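**Student:** Dumping the structure here so I can ask a few things about it.
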Amino acid sequence: MLSPRTIRLRFFGTLGTLPEEVLKKLVSVENPGDVSLVATHRVNDRERALGLFSIMCDQRGKTGEFAMVIADAWQGKGIGAELFRHGLALAQKRGVVMVWGNCLAENTHALALARRMGFVSTWDFEENAYRLQMH
């Protein structure tokens, strides 16, 4: 379940609910270097998504934009860090040499995680957000 705040932090705006086509796009792989990971939890016979991480690469597969969202009930439990680590490792194996993403200033947990993982942050005035980048 994603709260309106979590949706706003991920998509930089309000959506009300997250349309299924948006979810499908988040986990689709369009280029050879793209990475898409889903953390799940099985309860009885039902599998639930806990978090999504993706890197959408340019046509050459050398640079990519990352994005991540974690269900509210699972935030702060290390799922984002694991998705991030595994996703970056996969991207590196596929030849991606630079990863970047934007993050709102109020998303302090994501900013701290990205900085711990070695990302450099600079303020992007056009996006009104931090640009996180790692080579």
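Labels used: A, B, ... for chains in the order of the structure tokens, numbers from 1 for residues in each chain, and numbers from 1 for ligands as shown.
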I want to know what sits within 8 Å of A:Gly95, based on only C-alpha atoms, with residues of the same chain fewer than 4 positions away left out; could you give that as a list in words?
**Tutor:**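 So, after excluding close chain neighbours, the residues are Gly33, Gly61, Lys62 and Ala91 of chain A.
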**Student:** What does the file look like for those residues with C-alpha atoms, as a CSV table (one decimal), in the first residue's frame?
**Tutor:**
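Just written: again38.csv:
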```csv
chain,number,residue,atom,x,y,z
A,33,GLY,CA,21.0,-2.6,-19.7
A,61,GLY,CA,23.0,1.1,-22.2
A,62,LYS,CA,25.8,3.1,-20.5
A,91,ALA,CA,23.5,-2.6,-13.8
```
**Student:** For A:Leu9, please output as an MDAnalysis selection string all residues within 12 Å (counting only C-alpha atoms; exclusion window: fewer than 2 positions along the same chain).
**Tutor:** chainID A and resid 2:7 11:15 67:70 72 102:111 129
**Student:** Find, counting only C-alpha atoms, the residue in A:Asn128, A:Ala39, A:Ala112, A:His135 that gets nearest to A:Ile79.
**Tutor:**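 When distances to A:Ile79 are compared using only C-alpha atoms, the smallest one comes from A:Ala39.
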**Student:** For A:Thr40, please output as a PyMOL selection string all residues within 6 Å (counting only C-alpha atoms; exclusion window: fewer than 3 positions along the same chain).
**Tutor:** chain A and resi 48-50
**Student:** As a PyMOL selection string, please: every residue in chain A that DSSP puts in strand (DSSP E).
**Tutor:** chain A and resi 35-43+46-57+63-70+98-103+120-124+129-134
**Student:** What is the atom CA of A:Leu52-atom CA of A:Tyr130 distance in Å, reported with one decimal?
**Tutor:**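 So the two atoms, atom CA of A:Leu52 and atom CA of A:Tyr130, lie 20.3 Å apart.
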**Student:** Looking only at alpha helix (DSSP H) from DSSP on the backbone, list the matching residues of chain A as number ranges by chain.
**Tutor:** A: 4-11, 20-26, 79-93, 108-116
**Student:** Within 7 Å of A:Val35, counting only C-alpha atoms, which residues qualify if same-chain residues fewer than 5 places away don't, as a ChimeraX atom specification?
**Tutor:** /A:29,54-56,87,90-91
